$ cat target23.cif   # mmCIF, C-alpha atoms
data_data
#
loop_
_atom_site.label_atom_id
_atom_site.label_comp_id
_atom_site.auth_asym_id
_atom_site.auth_seq_id
_atom_site.Cartn_x
_atom_site.Cartn_y
_atom_site.Cartn_z
CA ARG B 20 -57.57 -28.19 -19.12
CA ALA B 21 -60.59 -30.32 -18.35
CA SER B 22 -63.36 -30.23 -20.92
CA ASP B 23 -66.10 -30.31 -18.29
CA LEU B 24 -66.60 -30.54 -14.54
CA SER B 25 -66.66 -34.35 -14.42
CA ASP B 26 -63.27 -34.44 -16.20
CA LEU B 27 -61.94 -31.95 -13.66
CA VAL B 28 -63.19 -34.02 -10.71
CA ALA B 29 -61.75 -37.20 -12.25
CA ALA B 30 -58.37 -35.50 -12.75
CA MET B 31 -58.39 -34.27 -9.17
CA ASP B 32 -59.18 -37.80 -7.93
CA VAL B 33 -56.20 -39.16 -9.87
CA GLN B 34 -53.96 -36.46 -8.39
CA ALA B 35 -55.24 -37.20 -4.87
CA ARG B 36 -54.46 -40.92 -5.27
CA LEU B 37 -50.97 -40.05 -6.54
CA ARG B 38 -50.39 -37.74 -3.56
CA GLU B 39 -51.44 -40.55 -1.20
CA GLN B 40 -49.07 -43.00 -2.93
CA LEU B 41 -46.20 -40.50 -2.82
CA ALA B 42 -46.89 -39.68 0.83
CA ALA B 43 -46.64 -43.40 1.65
CA LEU B 44 -43.12 -43.60 0.19
CA PRO B 45 -40.18 -43.28 2.57
CA GLY B 46 -38.51 -39.91 2.60
CA PRO B 47 -39.31 -36.36 3.60
CA LEU B 48 -42.85 -35.51 4.57
CA PRO B 49 -44.68 -32.91 2.46
CA ARG B 50 -44.51 -29.36 3.77
CA PRO B 51 -47.44 -28.87 6.13
CA PRO B 52 -49.82 -25.96 5.53
CA ARG B 53 -48.85 -24.68 9.01
CA PRO B 54 -45.08 -24.82 9.78
CA GLU B 55 -45.76 -25.40 13.49
CA ALA B 56 -47.30 -28.76 12.47
CA ALA B 57 -44.03 -29.99 10.89
CA GLN B 58 -43.10 -33.62 11.53
CA VAL B 59 -39.70 -35.28 11.53
CA ILE B 60 -39.16 -38.71 10.03
CA ASP B 61 -37.56 -41.20 12.38
CA ALA B 62 -34.25 -42.57 11.05
CA ALA B 63 -35.64 -46.11 11.38
CA GLN B 64 -38.07 -45.36 8.53
CA PHE B 65 -35.29 -45.05 5.94
CA VAL B 66 -34.49 -48.07 3.79
CA PRO B 67 -31.13 -49.64 4.74
CA PRO B 68 -28.44 -49.76 2.05
CA PRO B 69 -29.17 -52.74 -0.20
CA GLN B 70 -26.71 -55.55 -0.87
CA GLY B 71 -24.32 -54.48 -3.63
CA LEU B 72 -25.16 -50.78 -3.37
CA SER B 73 -23.56 -49.51 -0.18
CA THR B 74 -23.79 -45.85 -1.19
CA TRP B 75 -25.75 -43.95 -3.83
CA MET B 76 -25.80 -40.21 -4.45
CA LEU B 77 -27.46 -37.82 -6.86
CA PRO B 78 -25.23 -37.32 -9.92
CA VAL B 79 -25.80 -33.56 -10.04
CA ILE B 80 -27.08 -30.76 -7.85
CA GLY B 81 -30.26 -29.17 -9.13
CA ARG B 82 -33.95 -28.58 -8.73
CA VAL B 83 -36.16 -31.68 -9.09
CA VAL B 84 -38.69 -30.95 -11.85
CA THR B 85 -40.12 -34.46 -12.17
CA GLY B 86 -40.22 -36.90 -9.27
CA PHE B 87 -40.23 -40.68 -9.32
CA GLY B 88 -43.68 -41.99 -10.22
CA GLU B 89 -44.97 -38.59 -11.36
CA SER B 90 -46.94 -38.42 -14.58
CA ALA B 91 -47.86 -35.58 -16.87
CA PRO B 92 -50.74 -35.59 -19.35
CA GLY B 93 -49.82 -37.66 -22.39
CA GLN B 94 -46.60 -38.97 -20.84
CA ALA B 95 -45.66 -42.22 -19.15
CA ARG B 96 -45.10 -42.32 -15.39
CA ALA B 97 -41.56 -41.16 -14.53
CA GLN B 98 -39.21 -44.03 -13.74
CA GLY B 99 -36.58 -41.72 -12.27
CA LEU B 100 -35.89 -38.12 -11.28
CA THR B 101 -35.44 -35.20 -13.65
CA MET B 102 -33.42 -32.29 -12.31
CA GLU B 103 -32.82 -28.88 -13.81
CA THR B 104 -29.26 -27.80 -13.14
CA ARG B 105 -26.90 -24.99 -14.03
CA ALA B 106 -25.21 -24.73 -17.42
CA ASN B 107 -22.05 -26.80 -17.87
CA ALA B 108 -22.59 -28.63 -14.57
CA GLN B 109 -20.32 -31.56 -13.70
CA ILE B 110 -22.15 -34.91 -13.64
CA ILE B 111 -20.74 -37.65 -11.39
CA ALA B 112 -21.20 -41.41 -10.95
CA PRO B 113 -23.90 -42.01 -8.33
CA ALA B 114 -22.14 -45.18 -7.12
CA ALA B 115 -19.18 -47.37 -7.94
CA GLY B 116 -19.56 -49.59 -10.98
CA ARG B 117 -18.65 -50.36 -14.59
CA VAL B 118 -19.77 -48.27 -17.58
CA ALA B 119 -22.03 -50.48 -19.71
CA PHE B 120 -23.03 -47.75 -22.20
CA ALA B 121 -21.82 -44.23 -22.91
CA GLY B 122 -22.98 -42.27 -25.94
CA PRO B 123 -25.87 -40.54 -27.69
CA TYR B 124 -29.32 -42.06 -27.39
CA ARG B 125 -32.59 -41.02 -29.12
CA GLY B 126 -33.52 -37.56 -27.90
CA HIS B 127 -31.80 -37.88 -24.52
CA GLY B 128 -28.48 -36.35 -25.47
CA ARG B 129 -25.55 -38.41 -24.32
CA ILE B 130 -26.34 -41.00 -21.69
CA VAL B 131 -24.34 -43.23 -19.36
CA ILE B 132 -25.47 -46.59 -17.99
CA ILE B 133 -23.50 -47.88 -15.01
CA GLU B 134 -23.73 -51.47 -13.77
CA HIS B 135 -23.30 -51.81 -10.00
CA ASN B 136 -22.87 -54.94 -7.87
CA GLY B 137 -25.97 -56.87 -6.83
CA ASP B 138 -27.87 -56.45 -10.15
CA TRP B 139 -28.22 -52.66 -9.69
CA THR B 140 -28.01 -50.21 -12.62
CA SER B 141 -27.96 -46.41 -12.84
CA LEU B 142 -28.94 -44.48 -15.96
CA VAL B 143 -27.95 -40.81 -16.31
CA THR B 144 -29.15 -38.74 -19.29
CA GLY B 145 -28.72 -35.15 -20.47
CA LEU B 146 -24.95 -35.01 -20.79
CA ALA B 147 -23.52 -32.72 -23.47
CA ARG B 148 -19.97 -34.01 -23.03
CA LEU B 149 -18.78 -37.45 -21.86
CA GLU B 150 -15.64 -38.19 -19.89
CA VAL B 151 -16.12 -41.98 -19.71
CA LYS B 152 -16.23 -44.87 -22.16
CA VAL B 153 -17.71 -48.37 -22.14
CA GLY B 154 -15.76 -50.68 -19.86
CA ASP B 155 -14.43 -47.98 -17.52
CA THR B 156 -14.51 -48.92 -13.83
CA LEU B 157 -15.70 -46.01 -11.70
CA VAL B 158 -15.67 -45.09 -8.05
CA ALA B 159 -18.65 -43.25 -6.58
CA GLY B 160 -18.35 -39.56 -7.46
CA ALA B 161 -16.13 -40.10 -10.53
CA PRO B 162 -16.78 -37.54 -13.31
CA LEU B 163 -19.11 -38.78 -16.06
CA GLY B 164 -19.23 -35.56 -18.09
CA GLN B 165 -20.94 -32.19 -18.25
CA THR B 166 -24.29 -30.72 -19.13
CA GLY B 167 -24.62 -28.14 -21.88
CA PRO B 168 -25.52 -24.45 -21.89
CA GLY B 169 -28.87 -22.92 -20.93
CA ALA B 170 -31.00 -24.66 -18.30
CA PRO B 171 -30.08 -28.32 -18.86
CA ARG B 172 -32.07 -31.19 -17.46
CA VAL B 173 -30.51 -34.37 -16.18
CA MET B 174 -32.59 -37.50 -15.67
CA VAL B 175 -31.40 -40.31 -13.40
CA GLU B 176 -32.90 -43.75 -12.90
CA LEU B 177 -31.94 -46.46 -10.45
CA ARG B 178 -32.95 -50.02 -11.30
CA HIS B 179 -32.69 -53.31 -9.47
CA GLY B 180 -33.07 -56.44 -11.58
CA GLY B 181 -34.27 -54.19 -14.42
CA GLU B 182 -37.12 -52.73 -12.35
CA PRO B 183 -37.11 -48.98 -11.59
CA VAL B 184 -36.93 -48.03 -7.91
CA ASN B 185 -37.20 -44.63 -6.24
CA PRO B 186 -33.59 -43.44 -6.03
CA LEU B 187 -34.36 -41.03 -3.18
CA GLN B 188 -34.83 -43.91 -0.75
CA TYR B 189 -31.18 -44.90 -1.29
CA VAL B 190 -29.51 -41.48 -1.29
CA ARG B 191 -26.71 -41.52 1.26
CA ASP B 192 -24.69 -38.45 0.20
CA ILE B 193 -25.74 -35.17 -1.34
#
$ encode --input "target23.cif" --output "structure tokens"
Amino acid sequence: RASDLSDLVAAMDVQARLREQLAALPGPLPRPPRPEAAQVIDAAQFVPPPQGLSTWMLPVIGRVVTGFGESAPGQARAQGLTMETRANAQIIAPAAGRVAFAGPYRGHGRIVIIEHNGDWTSLVTGLARLEVKVGDTLVAGAPLGQTGPGAPRVMVELRHGGEPVNPLQYVRDI
């Protein structure tokens, strides 16, 4: 999509810097070009559970289509994960908390915002049907609702003090 070679080189430089930043994040190592060169991450490299958020899990099973910090041309850097899941999939609360918002929101379908202890917040979008309302107290894994038909996409953000953080570094259960 580059208009000339210098644009292509510049785009590749940006992608290389992003790959370096992503590789520096805790979590699984990228697949090596040769499987025999695979590395295992030591358990000590994982971030311990933060105060107020003893467990956190993905709200749905699916294929990650946009990772935390990823950017596409003309779009802002992703502040969460976007997952493509099966039609009518059950969406669950990623951690215990109180429902602060549940309803439709500008182009995101129905969304749920959950406040957790310790100034943590989870945002889940892409629900076609809600099973919670504002003020509900939830345990981790409680049903939030369902996706719709087709190949729905669910986006999840984890924030601490209003700042987005990579949710994968806190995943404890899948």
$ resolve_selection --input "target23.cif" --expression "the PyMOL selection byres ((chain B and resi 73-86) around 10)" --output "NGL selection string"
:B and (41 or 67-72 or 87-91 or 96-105 or 108-115 or 136 or 141 or 143 or 159-163 or 165-166 or 171-175 or 177 or 185-193)
$ resolve_selection --input "target23.cif" --expression "the PyMOL selection byres ((chain B and resi 131) around 9)" --output "list of chain:residue names"
B:Val118, B:Ala119, B:Phe120, B:Ala121, B:Gly122, B:Pro123, B:Arg129, B:Ile130, B:Ile132, B:Ile133, B:Ser141, B:Leu142, B:Val143, B:Thr144, B:Leu146, B:Leu149, B:Val151, B:Lys152, B:Val153, B:Leu163
$ atom_distance --input "target23.cif" --atom1 "atom CA of B:Gly181" --atom2 "atom CA of B:Ala43"
23.0 Å
$ atom_distance --input "target23.cif" --atom1 "atom CA of B:Gly180" --atom2 "atom CA of B:Leu37"
24.8 Å
$ closest_residue --input "target23.cif" --among "B:Gly154, B:Arg125, B:Asn107, B:Gly137" --to "B:Gly169" --atoms "all atoms listed in the file"
B:Asn107
$ atom_distance --input "target23.cif" --atom1 "atom CA of B:Pro168" --atom2 "atom CA of B:Gln94"
25.6 Å
$ build_atoms --input "target23.cif" --residues "stretch 125-136 of chain B" --atoms "N, CA, C and O atoms" --output "compact mmCIF listing (two decimals), keeping the file's coordinate frame"
# COMPACT_ATOMS: atom_id res chain seq x y z
N ARG B 125 -31.30 -41.57 -28.69
CA ARG B 125 -32.59 -41.02 -29.12
C ARG B 125 -33.19 -39.91 -28.26
O ARG B 125 -33.99 -40.18 -27.38
N GLY B 126 -32.86 -38.69 -28.54
CA GLY B 126 -33.52 -37.56 -27.90
C GLY B 126 -33.14 -37.31 -26.45
O GLY B 126 -33.70 -36.45 -25.80
N HIS B 127 -32.20 -38.06 -25.91
CA HIS B 127 -31.80 -37.88 -24.52
C HIS B 127 -30.41 -37.28 -24.40
O HIS B 127 -29.85 -37.26 -23.32
N GLY B 128 -29.86 -36.83 -25.50
CA GLY B 128 -28.48 -36.35 -25.47
C GLY B 128 -27.57 -37.54 -25.29
O GLY B 128 -27.87 -38.66 -25.70
N ARG B 129 -26.47 -37.31 -24.64
CA ARG B 129 -25.55 -38.41 -24.32
C ARG B 129 -25.98 -39.00 -22.99
O ARG B 129 -26.34 -38.28 -22.07
N ILE B 130 -25.94 -40.32 -22.91
CA ILE B 130 -26.34 -41.00 -21.69
C ILE B 130 -25.21 -41.91 -21.21
O ILE B 130 -24.33 -42.27 -21.98
N VAL B 131 -25.27 -42.27 -19.94
CA VAL B 131 -24.34 -43.23 -19.36
C VAL B 131 -25.16 -44.23 -18.56
O VAL B 131 -26.03 -43.86 -17.78
N ILE B 132 -24.86 -45.52 -18.78
CA ILE B 132 -25.47 -46.59 -17.99
C ILE B 132 -24.35 -47.24 -17.21
O ILE B 132 -23.34 -47.65 -17.79
N ILE B 133 -24.51 -47.31 -15.89
CA ILE B 133 -23.50 -47.88 -15.01
C ILE B 133 -24.07 -49.12 -14.34
O ILE B 133 -25.16 -49.07 -13.75
N GLU B 134 -23.34 -50.23 -14.45
CA GLU B 134 -23.73 -51.47 -13.77
C GLU B 134 -23.03 -51.50 -12.42
O GLU B 134 -21.82 -51.31 -12.33
N HIS B 135 -23.82 -51.72 -11.36
CA HIS B 135 -23.30 -51.81 -10.00
C HIS B 135 -23.40 -53.27 -9.54
O HIS B 135 -24.10 -54.07 -10.16
N ASN B 136 -22.76 -53.59 -8.44
CA ASN B 136 -22.87 -54.94 -7.87
C ASN B 136 -24.32 -55.21 -7.47
O ASN B 136 -25.10 -54.29 -7.25
